[in-house]
Structure formats: structure tokens, C-alpha cells
$ cat my_file_13.cif   # mmCIF, C-alpha atoms
data_final
#
loop_
_atom_site.label_atom_id
_atom_site.label_comp_id
_atom_site.auth_asym_id
_atom_site.auth_seq_id
_atom_site.Cartn_x
_atom_site.Cartn_y
_atom_site.Cartn_z
CA MET A 1 -16.49 -26.73 -1.72
CA ALA A 2 -12.76 -26.19 -1.20
CA LYS A 3 -11.46 -22.64 -1.37
CA THR A 4 -9.34 -21.74 -4.36
CA ALA A 5 -5.91 -20.14 -4.09
CA ILE A 6 -5.67 -16.39 -3.69
CA LEU A 7 -3.35 -14.41 -5.97
CA VAL A 8 -1.41 -11.62 -4.24
CA THR A 9 0.42 -9.27 -6.59
CA GLY A 10 3.37 -7.30 -5.25
CA VAL A 11 3.93 -10.08 -2.74
CA ALA A 12 7.56 -9.06 -2.09
CA GLY A 13 6.39 -5.57 -1.20
CA PHE A 14 5.65 -4.22 2.25
CA ILE A 15 1.87 -4.66 2.32
CA GLY A 16 1.85 -7.67 -0.01
CA PHE A 17 4.21 -9.65 2.21
CA HIS A 18 2.16 -8.96 5.33
CA VAL A 19 -1.12 -9.81 3.57
CA ALA A 20 0.27 -13.09 2.23
CA SER A 21 1.59 -13.99 5.70
CA ALA A 22 -1.81 -13.35 7.27
CA LEU A 23 -3.65 -15.34 4.61
CA LEU A 24 -1.30 -18.29 5.07
CA ALA A 25 -1.77 -18.09 8.83
CA ARG A 26 -5.53 -18.48 8.45
CA GLY A 27 -5.15 -21.52 6.22
CA GLU A 28 -5.41 -20.05 2.73
CA THR A 29 -3.36 -21.12 -0.28
CA VAL A 30 -1.48 -18.17 -1.77
CA VAL A 31 0.13 -17.63 -5.15
CA GLY A 32 2.33 -14.54 -5.08
CA ILE A 33 3.84 -12.62 -7.97
CA ASP A 34 6.39 -9.81 -7.99
CA ILE A 35 8.97 -8.46 -10.43
CA VAL A 36 11.35 -7.65 -7.51
CA ASN A 37 12.68 -4.49 -9.14
CA ASP A 38 15.29 -2.12 -7.74
CA TYR A 39 13.06 0.88 -6.90
CA TYR A 40 14.47 0.23 -3.43
CA ASP A 41 16.89 -2.40 -2.12
CA PRO A 42 15.86 -5.78 -3.61
CA GLU A 43 17.55 -7.50 -0.67
CA LEU A 44 14.77 -6.29 1.60
CA LYS A 45 12.22 -7.74 -0.82
CA HIS A 46 14.05 -11.08 -0.88
CA ALA A 47 14.29 -11.02 2.92
CA ARG A 48 10.53 -10.64 3.13
CA LEU A 49 10.00 -13.52 0.70
CA ASN A 50 12.37 -15.67 2.73
CA GLN A 51 9.93 -15.42 5.64
CA ILE A 52 7.21 -17.25 3.69
CA ASN A 53 8.92 -19.09 0.83
CA ASP A 54 9.07 -22.39 2.70
CA HIS A 55 5.38 -22.40 3.61
CA PRO A 56 3.75 -25.41 1.91
CA ALA A 57 0.71 -23.38 0.89
CA PHE A 58 2.74 -20.59 -0.75
CA ARG A 59 4.00 -20.42 -4.32
CA PHE A 60 6.08 -17.55 -5.65
CA VAL A 61 6.27 -16.68 -9.34
CA LYS A 62 8.59 -13.89 -10.50
CA MET A 63 6.49 -11.97 -12.98
CA ASP A 64 5.86 -8.47 -14.27
CA VAL A 65 2.21 -7.66 -13.60
CA ALA A 66 2.14 -5.64 -16.83
CA GLU A 67 2.66 -8.83 -18.91
CA ALA A 68 -1.01 -9.43 -19.57
CA GLU A 69 -0.85 -12.85 -21.24
CA ALA A 70 1.49 -14.27 -18.61
CA VAL A 71 -0.73 -13.00 -15.81
CA LYS A 72 -3.87 -14.41 -17.41
CA ASP A 73 -2.22 -17.77 -18.05
CA LEU A 74 -1.13 -18.01 -14.41
CA VAL A 75 -4.57 -17.07 -13.11
CA LEU A 76 -6.24 -19.71 -15.29
CA GLU A 77 -3.63 -22.39 -14.58
CA ALA A 78 -3.78 -21.88 -10.81
CA GLY A 79 -7.59 -21.74 -10.70
CA ILE A 80 -7.59 -18.25 -9.17
CA THR A 81 -10.97 -16.71 -8.38
CA ARG A 82 -9.86 -14.10 -5.80
CA ILE A 83 -7.08 -11.55 -6.28
CA ILE A 84 -5.50 -8.98 -3.98
CA HIS A 85 -3.74 -6.63 -6.39
CA LEU A 86 -1.07 -4.59 -4.60
CA ALA A 87 1.70 -4.42 -7.22
CA ALA A 88 2.39 -0.84 -8.27
CA GLN A 89 5.06 1.75 -8.79
CA ALA A 90 4.90 3.65 -5.52
CA GLY A 91 6.12 7.06 -4.50
CA VAL A 92 5.26 10.63 -5.44
CA ARG A 93 8.65 12.24 -6.02
CA TYR A 94 10.02 9.32 -8.08
CA SER A 95 7.46 10.06 -10.80
CA ILE A 96 9.14 13.38 -11.65
CA GLU A 97 12.08 11.58 -13.27
CA ASN A 98 10.50 8.20 -14.06
CA PRO A 99 6.94 8.80 -15.33
CA PHE A 100 6.76 5.78 -17.61
CA ALA A 101 7.39 3.41 -14.69
CA TYR A 102 3.94 4.49 -13.43
CA GLN A 103 2.33 4.02 -16.82
CA ARG A 104 3.58 0.44 -17.01
CA SER A 105 3.01 -0.75 -13.46
CA ASN A 106 -0.05 1.23 -12.43
CA LEU A 107 -2.00 1.51 -15.68
CA GLN A 108 -0.90 -1.39 -17.85
CA GLY A 109 -0.48 -3.60 -14.78
CA HIS A 110 -3.97 -2.83 -13.50
CA LEU A 111 -5.46 -3.50 -16.92
CA SER A 112 -3.61 -6.84 -17.06
CA ILE A 113 -5.26 -7.88 -13.81
CA LEU A 114 -8.69 -6.78 -15.00
CA GLU A 115 -8.31 -8.80 -18.18
CA ALA A 116 -7.24 -11.84 -16.17
CA CYS A 117 -10.34 -11.49 -13.98
CA ARG A 118 -12.49 -11.19 -17.09
CA ALA A 119 -11.12 -14.50 -18.38
CA VAL A 120 -12.23 -16.45 -15.28
CA GLU A 121 -15.72 -17.89 -15.24
CA GLY A 122 -17.31 -17.25 -11.86
CA PHE A 123 -14.63 -14.83 -10.68
CA GLU A 124 -15.37 -13.94 -7.05
CA HIS A 125 -13.56 -10.76 -6.00
CA LEU A 126 -10.76 -8.38 -6.97
CA VAL A 127 -9.40 -6.25 -4.13
CA TYR A 128 -6.97 -3.63 -5.42
CA ALA A 129 -4.78 -0.88 -4.00
CA SER A 130 -5.62 2.74 -4.61
CA SER A 131 -4.23 5.63 -2.56
CA SER A 132 -5.16 8.57 -0.37
CA SER A 133 -3.18 10.61 -2.90
CA VAL A 134 -6.26 10.70 -5.14
CA TYR A 135 -7.79 13.31 -2.80
CA GLY A 136 -5.23 15.92 -3.85
CA ASP A 137 -4.04 18.72 -1.59
CA ARG A 138 -6.66 19.87 0.90
CA PRO A 139 -6.71 21.28 4.43
CA LEU A 140 -7.17 19.37 7.67
CA ALA A 141 -10.88 19.78 8.38
CA GLY A 142 -14.08 17.96 9.31
CA ASP A 143 -14.20 14.22 9.95
CA GLY A 144 -11.77 13.23 7.23
CA PHE A 145 -11.71 12.61 3.51
CA SER A 146 -14.82 10.76 2.34
CA GLU A 147 -15.18 8.34 -0.56
CA ASP A 148 -17.94 10.65 -1.82
CA ASP A 149 -15.57 13.63 -2.12
CA ARG A 150 -14.56 14.86 -5.56
CA VAL A 151 -11.19 13.47 -6.61
CA ASN A 152 -10.56 15.16 -9.94
CA GLU A 153 -7.52 17.28 -9.00
CA PRO A 154 -4.55 14.94 -8.36
CA VAL A 155 -1.29 16.77 -7.72
CA SER A 156 1.07 13.93 -8.71
CA LEU A 157 1.30 11.47 -11.57
CA TYR A 158 1.18 8.65 -9.01
CA ALA A 159 -2.20 9.92 -7.77
CA ALA A 160 -3.48 10.27 -11.33
CA THR A 161 -2.59 6.67 -12.14
CA LYS A 162 -4.29 5.41 -8.98
CA ARG A 163 -7.47 7.32 -9.79
CA SER A 164 -7.28 5.95 -13.33
CA GLY A 165 -7.17 2.43 -11.90
CA GLU A 166 -10.37 3.10 -9.96
CA LEU A 167 -12.08 4.31 -13.13
CA MET A 168 -10.91 1.31 -15.15
CA SER A 169 -12.26 -0.98 -12.44
CA THR A 170 -15.63 0.78 -12.50
CA THR A 171 -15.80 0.23 -16.26
CA TYR A 172 -14.96 -3.47 -15.98
CA SER A 173 -17.51 -3.95 -13.22
CA HIS A 174 -20.15 -2.31 -15.38
CA LEU A 175 -19.26 -4.20 -18.55
CA TYR A 176 -18.42 -7.62 -17.18
CA GLY A 177 -19.91 -7.81 -13.68
CA ILE A 178 -16.55 -8.28 -11.94
CA PRO A 179 -16.95 -7.72 -8.16
CA GLN A 180 -14.23 -5.29 -7.07
CA SER A 181 -13.14 -3.30 -4.03
CA GLY A 182 -10.62 -0.46 -4.25
CA LEU A 183 -8.75 0.51 -1.10
CA ARG A 184 -7.42 4.02 -0.64
CA PHE A 185 -4.45 3.45 1.68
CA PHE A 186 -3.41 6.16 4.13
CA THR A 187 0.33 6.26 5.04
CA VAL A 188 1.02 2.66 6.00
CA TYR A 189 3.97 2.01 8.33
CA GLY A 190 5.51 -0.78 10.40
CA PRO A 191 8.10 -3.59 10.41
CA TRP A 192 9.39 -4.69 6.99
CA GLY A 193 8.32 -1.28 5.65
CA ARG A 194 9.45 0.65 2.58
CA PRO A 195 12.79 2.49 2.83
CA ASP A 196 11.45 5.40 0.76
CA MET A 197 8.86 6.24 3.41
CA ALA A 198 9.76 9.09 5.78
CA TYR A 199 9.70 7.12 9.04
CA PHE A 200 12.05 4.49 7.55
CA SER A 201 14.49 6.87 5.86
CA PHE A 202 14.53 9.10 8.96
CA SER A 203 15.42 6.06 11.08
CA GLU A 204 18.35 5.19 8.85
CA LYS A 205 19.74 8.71 9.04
CA ILE A 206 19.09 9.17 12.76
CA MET A 207 20.92 5.95 13.62
CA LYS A 208 23.85 7.03 11.42
CA GLY A 209 23.97 10.45 13.05
CA GLU A 210 23.02 12.16 9.80
CA ALA A 211 20.61 15.09 9.48
CA ILE A 212 17.06 14.52 8.26
CA GLU A 213 15.28 16.81 5.82
CA VAL A 214 11.82 17.77 7.05
CA TYR A 215 9.66 18.87 4.13
CA GLY A 216 6.77 21.29 4.35
CA GLU A 217 8.67 22.99 7.18
CA GLY A 218 7.24 20.26 9.41
CA HIS A 219 3.64 21.48 9.04
CA MET A 220 2.26 18.44 7.20
CA HIS A 221 -0.13 15.91 8.78
CA ARG A 222 -0.45 12.24 7.90
CA ASP A 223 -2.98 9.58 8.89
CA PHE A 224 -0.32 7.03 9.90
CA THR A 225 -1.81 3.52 9.82
CA TYR A 226 -0.07 0.50 11.31
CA ILE A 227 0.42 -2.47 9.01
CA ASP A 228 -1.53 -4.96 11.16
CA ASP A 229 -4.58 -2.70 11.05
CA ILE A 230 -4.21 -2.39 7.28
CA VAL A 231 -3.98 -6.17 6.82
CA GLU A 232 -7.07 -6.71 8.95
CA GLY A 233 -8.95 -4.26 6.76
CA ILE A 234 -7.77 -5.82 3.50
CA ILE A 235 -8.79 -9.33 4.49
CA GLY A 236 -12.08 -8.03 5.88
CA VAL A 237 -12.83 -6.48 2.51
CA LEU A 238 -11.76 -9.65 0.67
CA ASP A 239 -14.38 -11.55 2.66
CA HIS A 240 -17.12 -9.04 1.74
CA PRO A 241 -17.33 -8.75 -2.05
CA PRO A 242 -19.81 -6.15 -3.26
CA ALA A 243 -23.14 -7.41 -4.55
CA GLY A 244 -24.09 -7.20 -8.18
CA GLY A 245 -20.58 -7.09 -9.57
CA LYS A 246 -20.00 -3.52 -8.42
CA ASN A 247 -16.76 -1.62 -7.80
CA GLU A 248 -16.81 -0.25 -4.24
CA ILE A 249 -14.20 2.23 -2.98
CA TYR A 250 -13.09 2.28 0.66
CA ASN A 251 -10.74 4.45 2.68
CA ILE A 252 -8.43 2.43 4.90
CA GLY A 253 -6.57 4.46 7.50
CA ALA A 254 -6.31 5.19 11.20
CA HIS A 255 -8.73 8.17 11.22
CA GLN A 256 -6.12 9.94 13.35
CA PRO A 257 -3.97 12.52 11.52
CA VAL A 258 -0.66 13.27 13.25
CA GLY A 259 1.63 16.22 12.66
CA LEU A 260 4.97 15.43 11.05
CA MET A 261 6.92 16.91 13.96
CA GLU A 262 4.97 14.79 16.43
CA MET A 263 5.77 11.68 14.38
CA ILE A 264 9.46 12.58 14.40
CA SER A 265 9.44 13.14 18.16
CA THR A 266 7.73 9.78 18.71
CA LEU A 267 10.25 8.09 16.40
CA GLU A 268 13.17 9.70 18.25
CA THR A 269 11.86 8.24 21.51
CA ALA A 270 11.39 4.80 19.95
CA LEU A 271 14.93 4.81 18.54
CA GLY A 272 16.50 6.39 21.61
CA ARG A 273 18.20 9.04 19.48
CA GLU A 274 17.55 12.70 18.71
CA ALA A 275 17.42 13.85 15.10
CA ASN A 276 19.28 16.78 13.60
CA LYS A 277 16.53 18.41 11.53
CA ILE A 278 16.87 20.55 8.41
CA MET A 279 13.61 22.25 7.47
CA ARG A 280 12.71 22.25 3.78
CA PRO A 281 9.75 23.60 1.73
CA MET A 282 7.05 21.37 0.28
CA GLN A 283 8.13 19.18 -2.62
CA PRO A 284 6.26 18.99 -5.95
CA GLY A 285 3.45 16.41 -5.72
CA ASP A 286 3.33 16.38 -1.90
CA VAL A 287 0.07 17.08 -0.07
CA THR A 288 -0.41 18.95 3.19
CA THR A 289 -2.75 16.52 4.92
CA THR A 290 -4.23 13.04 4.75
CA TYR A 291 -7.19 12.13 6.97
CA ALA A 292 -9.34 9.03 6.40
CA ASP A 293 -13.04 8.84 7.10
CA VAL A 294 -13.31 5.06 7.59
CA SER A 295 -17.02 4.86 8.45
CA LYS A 296 -17.89 3.08 5.18
CA LEU A 297 -15.27 0.37 5.73
CA LYS A 298 -16.33 -0.03 9.36
CA ALA A 299 -19.98 -0.46 8.36
CA VAL A 300 -19.12 -3.28 5.92
CA THR A 301 -16.36 -5.15 7.77
CA GLY A 302 -16.31 -3.86 11.37
CA TYR A 303 -12.90 -2.30 10.68
CA ALA A 304 -11.49 -0.71 13.84
CA PRO A 305 -7.80 0.31 13.72
CA SER A 306 -6.37 -0.11 17.20
CA THR A 307 -2.61 0.59 17.10
CA PRO A 308 -1.47 3.98 18.47
CA LEU A 309 1.43 5.61 16.64
CA LYS A 310 3.64 5.27 19.73
CA ASP A 311 3.16 1.49 19.85
CA GLY A 312 3.52 1.07 16.11
CA LEU A 313 6.75 3.05 15.90
CA GLU A 314 8.18 1.16 18.88
CA ARG A 315 7.51 -2.12 17.08
CA PHE A 316 9.03 -0.72 13.90
CA ALA A 317 12.12 0.52 15.78
CA THR A 318 12.63 -2.90 17.38
CA TRP A 319 12.40 -4.60 13.98
CA PHE A 320 14.58 -1.95 12.29
CA LYS A 321 17.41 -2.28 14.81
CA GLY A 322 17.31 -6.07 14.52
CA TYR A 323 17.21 -6.07 10.72
CA LYS A 324 20.09 -3.58 10.53
CA GLY A 325 22.10 -5.34 13.24
CA LEU A 326 21.98 -2.35 15.56
CA ASN A 327 20.86 -4.11 18.76
#

$ encode --input "my_file_13.cif" --output "C-alpha cells"
Amino acid sequence: MAKTAILVTGVAGFIGFHVASALLARGETVVGIDIVNDYYDPELKHARLNQINDHPAFRFVKMDVAEAEAVKDLVLEAGITRIIHLAAQAGVRYSIENPFAYQRSNLQGHLSILEACRAVEGFEHLVYASSSSVYGDRPLAGDGFSEDDRVNEPVSLYAATKRSGELMSTTYSHLYGIPQSGLRFFTVYGPWGRPDMAYFSFSEKIMKGEAIEVYGEGHMHRDFTYIDDIVEGIIGVLDHPPAGGKNEIYNIGAHQPVGLMEMISTLETALGREANKIMRPMQPGDVTTTYADVSKLKAVTGYAPSTPLKDGLERFATWFKGYKGLN
């Protein structure tokens, strides 16, 4: 039996673009949707799409994931039985001034996808993006944050919407038997990344000779995870739908928290420039630490992240200089 096309939402985004590229490379047919909004430079989103638009097995449809009827119609028309749902309003600080963007993209958008899955007879698997933000603010301790930990104290609206998505998915799995896997991403970085992420915005300022603002006085830790390792994990999960129409939750990270100052030092080396640093206090909604226990994902898919931060940031710096014409 021939494989059906895979729908990738948020396909013009950082992770979505890389996932679609990897799926196409392994011979899948991909339908990608994205609204291509201006949360950050749309030109970067179009540049990503330009890398895959000419692939004969790729079809792009500009669409708002929150438009439930349009999403369902596309899923039915294209014969979709597997979805990787990555479209979302990202960012913690942005939610302070733009809360309803999160309601539309992350709540209404997730519900639109669930309803589309519900409409498909024999739907195979929904893989959707959650976030390490659901764990709230906690200290660096033990072997990392576990999927079994309590996650009822989000410190940002973004985190609250991502946890809400997990709960909606659990309900739809229970009611309608839709096999689902939620992925709690831990600080993804790499080429074609998001300009609102620290490593990217720091690079822009460092190369311009501008000062960077280091929040949390530099004491924060993040489980930086290279994009190739993330993509491997996503596709591994796609190929292992949970039995019995369940909703399984997985951490997906490097299991290697790194201090913010160490990341900056590594980035300075990769860029060949030293940063002028201005220390700032923690911002509302930020967390002190992220640290992924990935044993559950490893047990199911064999997931084994293999890219050290030094190598990943060197690859990012090479791409960044080329993209910005700084070589």
C-alpha cells in the first residue's frame, strides 16, 4: 500500500522547514501549510520555503491553521493520514503584549488540527509540538525534567497554551481514539533558526558591534538541542505511533544543560568576535533552567542526540555569515 502524504504545519518555520526537508529526502510526499506572518522577518520564512518549493513531492498552501474548515478540507482533499503539527505562536516575552495571538494559533489552531484528524477515517498519527516551558521555573537538579513531573504551574501564557494543547490531545485520544505524540522541545538551535532566539539575536548584534543584553545576570541554563537531532527525534516518533489511540508525551532535548555564559563564549569563538555584554535581571515568563530527561524517547525510538554545542554553533555561524553576506 502506497504511503499517503504527510501534512506539516508551520512549514515555513525553523523546525517545520527542516522536518519537511528531511521527509522529502527520505522519499515522502509532503503538504506544508503556513500563514507566513510577520512575528519575525517573513523574508527568512520565504527563503526557507525557496529551498524546497521546487521539489516535485512538495506542495505549499498558505493557510492559517486556526481556520478549522479550511484545514479539514485540505486534509480530506489531500488524503492526509499523518500530521506533524508545528505551527504555533512562539516566544515567551511576546505574549505580554500580544496574548490573543497565542489563543488563536496555539489553542484554536491545535483544536483545528484535532478536528481535522477526527474527520479522517483510519487516521494514523498526529505528532504535535509542545514545549519544555510547561515545566515552569525549577532548579537544575537530578537527571532532568521527566514527563511524569507535575506541570501545573506555567510561568508564561505561552507555556499555558502548550500545556492546554497536551490536555486537548489527551481528550481527543480518549474520545475518538486518535493516536498522538506530543513533543516537549528543549531550546532548539541551528542554521535557518529563529531570529528571536538568543543565539541568533546575539549573533546579529555581535557582528554589528552592538552590545548584547544577558538576562538572568547570565546564571540561566538551557538544554540546547541541535536541529538535526531534533528532526531525527521527530521522524522517529512519527514512525512509532502509540498503541490504542493514546496520547504519549515525550521530552526531546540534548540532556546536556549549558550555562548561558558558556553558550555566549562558544558563540563568540564560532563567530570570531567578542561580545560587549550588558547584564540584566530575569524577564517575566523566563525560567532559570531547562534539562530534558530523554530516556522515554530513547526507549521508543533509539533517540540519541549527538551534536555538541560547539559543533552546532559553528555550523550555525557558518550559515549565518553566508545568509547575511558576511563571509

$ residues_around --input "my_file_13.cif" --residues "Tyr199 of chain A" --least-positions-apart "2" --cutoff "9 Å" --atoms "only C-alpha atoms" --output "list in words"
Tyr189, Pro195, Asp196, Met197, Ser201, Phe202, Ser203, Glu204, Met263, Ile264, Leu267 and Leu313 of chain A

$ resolve_selection --input "my_file_13.cif" --expression "the PyMOL selection byres ((chain A and resi 84-100) around 9)" --output "number ranges by chain"
A: 6-11, 13, 15-16, 19, 33-35, 39, 65, 82-83, 101-107, 109-110, 113, 125-130, 133, 156-159, 196-197, 234, 238, 283-286

$ residues_near_point --input "my_file_13.cif" --point "(-13.7, -0.9, -16.2)" --cutoff "12 Å" --atoms "all atoms listed in the file" --output "number ranges by chain"
A: 107, 110-115, 117-118, 164-180, 245-247

$ residues_around --input "my_file_13.cif" --residues "Ser265 of chain A" --least-positions-apart "6" --cutoff "12 Å" --atoms "all atoms listed in the file" --output "PyMOL selection string"
chain A and resi 199+202-203+206+218+258-259+271-277+309-310+313

$ write_last_selection --input "my_file_13.cif" --atoms "C-alpha atoms" --output "JSON list (two decimals), keeping the file's coordinate frame"
[["chain", "number", "residue", "atom", "x", "y", "z"],
["A", 199, "TYR", "CA", 9.70, 7.12, 9.04],
["A", 202, "PHE", "CA", 14.53, 9.10, 8.96],
["A", 203, "SER", "CA", 15.42, 6.06, 11.08],
["A", 206, "ILE", "CA", 19.09, 9.17, 12.76],
["A", 218, "GLY", "CA", 7.24, 20.26, 9.41],
["A", 258, "VAL", "CA", -0.66, 13.27, 13.25],
["A", 259, "GLY", "CA", 1.63, 16.22, 12.66],
["A", 271, "LEU", "CA", 14.93, 4.81, 18.54],
["A", 272, "GLY", "CA", 16.50, 6.39, 21.61],
["A", 273, "ARG", "CA", 18.20, 9.04, 19.48],
["A", 274, "GLU", "CA", 17.55, 12.70, 18.71],
["A", 275, "ALA", "CA", 17.42, 13.85, 15.10],
["A", 276, "ASN", "CA", 19.28, 16.78, 13.60],
["A", 277, "LYS", "CA", 16.53, 18.41, 11.53],
["A", 309, "LEU", "CA", 1.43, 5.61, 16.64],
["A", 310, "LYS", "CA", 3.64, 5.27, 19.73],
["A", 313, "LEU", "CA", 6.75, 3.05, 15.90]]

$ closest_residue --input "my_file_13.cif" --among "A:Phe123, A:Phe200, A:Tyr291, A:Phe224" --to "Glu147 of chain A" --atoms "all atoms listed in the file"
A:Tyr291

$ residues_near_point --input "my_file_13.cif" --point "(-2.6, -0.2, 13.1)" --cutoff "12 Å" --atoms "only C-alpha atoms" --output "JSON list (two decimals) with C-alpha atoms, in the frame of the given file"
[["chain", "number", "residue", "atom", "x", "y", "z"],
["A", 186, "PHE", "CA", -3.41, 6.16, 4.13],
["A", 187, "THR", "CA", 0.33, 6.26, 5.04],
["A", 188, "VAL", "CA", 1.02, 2.66, 6.00],
["A", 189, "TYR", "CA", 3.97, 2.01, 8.33],
["A", 190, "GLY", "CA", 5.51, -0.78, 10.40],
["A", 191, "PRO", "CA", 8.10, -3.59, 10.41],
["A", 223, "ASP", "CA", -2.98, 9.58, 8.89],
["A", 224, "PHE", "CA", -0.32, 7.03, 9.90],
["A", 225, "THR", "CA", -1.81, 3.52, 9.82],
["A", 226, "TYR", "CA", -0.07, 0.50, 11.31],
["A", 227, "ILE", "CA", 0.42, -2.47, 9.01],
["A", 228, "ASP", "CA", -1.53, -4.96, 11.16],
["A", 229, "ASP", "CA", -4.58, -2.70, 11.05],
["A", 230, "ILE", "CA", -4.21, -2.39, 7.28],
["A", 231, "VAL", "CA", -3.98, -6.17, 6.82],
["A", 232, "GLU", "CA", -7.07, -6.71, 8.95],
["A", 233, "GLY", "CA", -8.95, -4.26, 6.76],
["A", 252, "ILE", "CA", -8.43, 2.43, 4.90],
["A", 253, "GLY", "CA", -6.57, 4.46, 7.50],
["A", 254, "ALA", "CA", -6.31, 5.19, 11.20],
["A", 255, "HIS", "CA", -8.73, 8.17, 11.22],
["A", 256, "GLN", "CA", -6.12, 9.94, 13.35],
["A", 303, "TYR", "CA", -12.90, -2.30, 10.68],
["A", 304, "ALA", "CA", -11.49, -0.71, 13.84],
["A", 305, "PRO", "CA", -7.80, 0.31, 13.72],
["A", 306, "SER", "CA", -6.37, -0.11, 17.20],
["A", 307, "THR", "CA", -2.61, 0.59, 17.10],
["A", 308, "PRO", "CA", -1.47, 3.98, 18.47],
["A", 309, "LEU", "CA", 1.43, 5.61, 16.64],
["A", 310, "LYS", "CA", 3.64, 5.27, 19.73],
["A", 311, "ASP", "CA", 3.16, 1.49, 19.85],
["A", 312, "GLY", "CA", 3.52, 1.07, 16.11],
["A", 313, "LEU", "CA", 6.75, 3.05, 15.90],
["A", 315, "ARG", "CA", 7.51, -2.12, 17.08],
["A", 316, "PHE", "CA", 9.03, -0.72, 13.90]]

$ atom_distance --input "my_file_13.cif" --atom1 "atom CA of Met63 of chain A" --atom2 "atom CA of Leu76 of chain A"
15.1 Å

$ closest_residue --input "my_file_13.cif" --among "A:Ala12, A:Ala57, A:Ala141, A:Ala70" --to "Glu43 of chain A" --atoms "only C-alpha atoms"
A:Ala12

$ closest_residue --input "my_file_13.cif" --among "A:Lys162, A:Arg26, A:Arg280, A:Arg150" --to "Val214 of chain A" --atoms "all atoms listed in the file"
A:Arg280

$ residues_around --input "my_file_13.cif" --residues "Lys296 of chain A" --least-positions-apart "2" --cutoff "10 Å" --atoms "all atoms listed in the file" --output "VMD selection string"
chain A and resid 146 to 147 249 to 252 293 to 294 298 to 303

$ closest_residue --input "my_file_13.cif" --among "A:Arg163, A:His46, A:Lys205, A:His240" --to "Lys62 of chain A" --atoms "only C-alpha atoms"
A:His46

$ resolve_selection --input "my_file_13.cif" --expression "the PyMOL selection byres ((chain A and resi 326) around 12)" --output "number ranges by chain"
A: 203-204, 207-208, 271-272, 317-325, 327

$ build_atoms --input "my_file_13.cif" --residues "segment 123-142 of chain A" --atoms "N, CA and C atoms" --output "CSV table (one decimal), in the coordinates of the input"
chain,number,residue,atom,x,y,z
A,123,PHE,N,-15.6,-15.6,-11.5
A,123,PHE,CA,-14.6,-14.8,-10.7
A,123,PHE,C,-15.3,-14.2,-9.5
A,124,GLU,N,-14.7,-14.3,-8.3
A,124,GLU,CA,-15.4,-13.9,-7.0
A,124,GLU,C,-15.1,-12.5,-6.6
A,125,HIS,N,-13.8,-12.1,-6.6
A,125,HIS,CA,-13.6,-10.8,-6.0
A,125,HIS,C,-12.1,-10.3,-6.3
A,126,LEU,N,-12.0,-9.1,-6.8
A,126,LEU,CA,-10.8,-8.4,-7.0
A,126,LEU,C,-10.7,-7.3,-5.9
A,127,VAL,N,-9.7,-7.3,-5.1
A,127,VAL,CA,-9.4,-6.2,-4.1
A,127,VAL,C,-8.1,-5.6,-4.6
A,128,TYR,N,-8.1,-4.3,-4.8
A,128,TYR,CA,-7.0,-3.6,-5.4
A,128,TYR,C,-6.6,-2.4,-4.6
A,129,ALA,N,-5.3,-2.0,-4.7
A,129,ALA,CA,-4.8,-0.9,-4.0
A,129,ALA,C,-5.0,0.4,-4.8
A,130,SER,N,-5.6,1.4,-4.1
A,130,SER,CA,-5.6,2.7,-4.6
A,130,SER,C,-4.8,3.5,-3.6
A,131,SER,N,-5.1,4.8,-3.4
A,131,SER,CA,-4.2,5.6,-2.6
A,131,SER,C,-5.0,6.9,-2.1
A,132,SER,N,-4.6,7.3,-0.9
A,132,SER,CA,-5.2,8.6,-0.4
A,132,SER,C,-4.7,9.7,-1.2
A,133,SER,N,-3.7,9.5,-2.0
A,133,SER,CA,-3.2,10.6,-2.9
A,133,SER,C,-4.2,11.1,-3.9
A,134,VAL,N,-5.2,10.3,-4.2
A,134,VAL,CA,-6.3,10.7,-5.1
A,134,VAL,C,-7.0,11.9,-4.7
A,135,TYR,N,-7.0,12.2,-3.3
A,135,TYR,CA,-7.8,13.3,-2.8
A,135,TYR,C,-7.1,14.7,-3.1
A,136,GLY,N,-5.9,14.7,-3.6
A,136,GLY,CA,-5.2,15.9,-3.8
A,136,GLY,C,-4.8,16.6,-2.6
A,137,ASP,N,-4.5,17.9,-2.7
A,137,ASP,CA,-4.0,18.7,-1.6
A,137,ASP,C,-5.2,19.5,-1.0
A,138,ARG,N,-5.5,19.2,0.2
A,138,ARG,CA,-6.7,19.9,0.9
A,138,ARG,C,-6.3,20.1,2.4
A,139,PRO,N,-7.0,21.0,3.0
A,139,PRO,CA,-6.7,21.3,4.4
A,139,PRO,C,-7.2,20.2,5.4
A,140,LEU,N,-6.7,20.2,6.6
A,140,LEU,CA,-7.2,19.4,7.7
A,140,LEU,C,-8.5,19.9,8.2
A,141,ALA,N,-9.6,19.3,8.0
A,141,ALA,CA,-10.9,19.8,8.4
A,141,ALA,C,-11.9,18.7,8.5
A,142,GLY,N,-13.0,18.9,9.2
A,142,GLY,CA,-14.1,18.0,9.3
A,142,GLY,C,-13.7,16.6,9.9
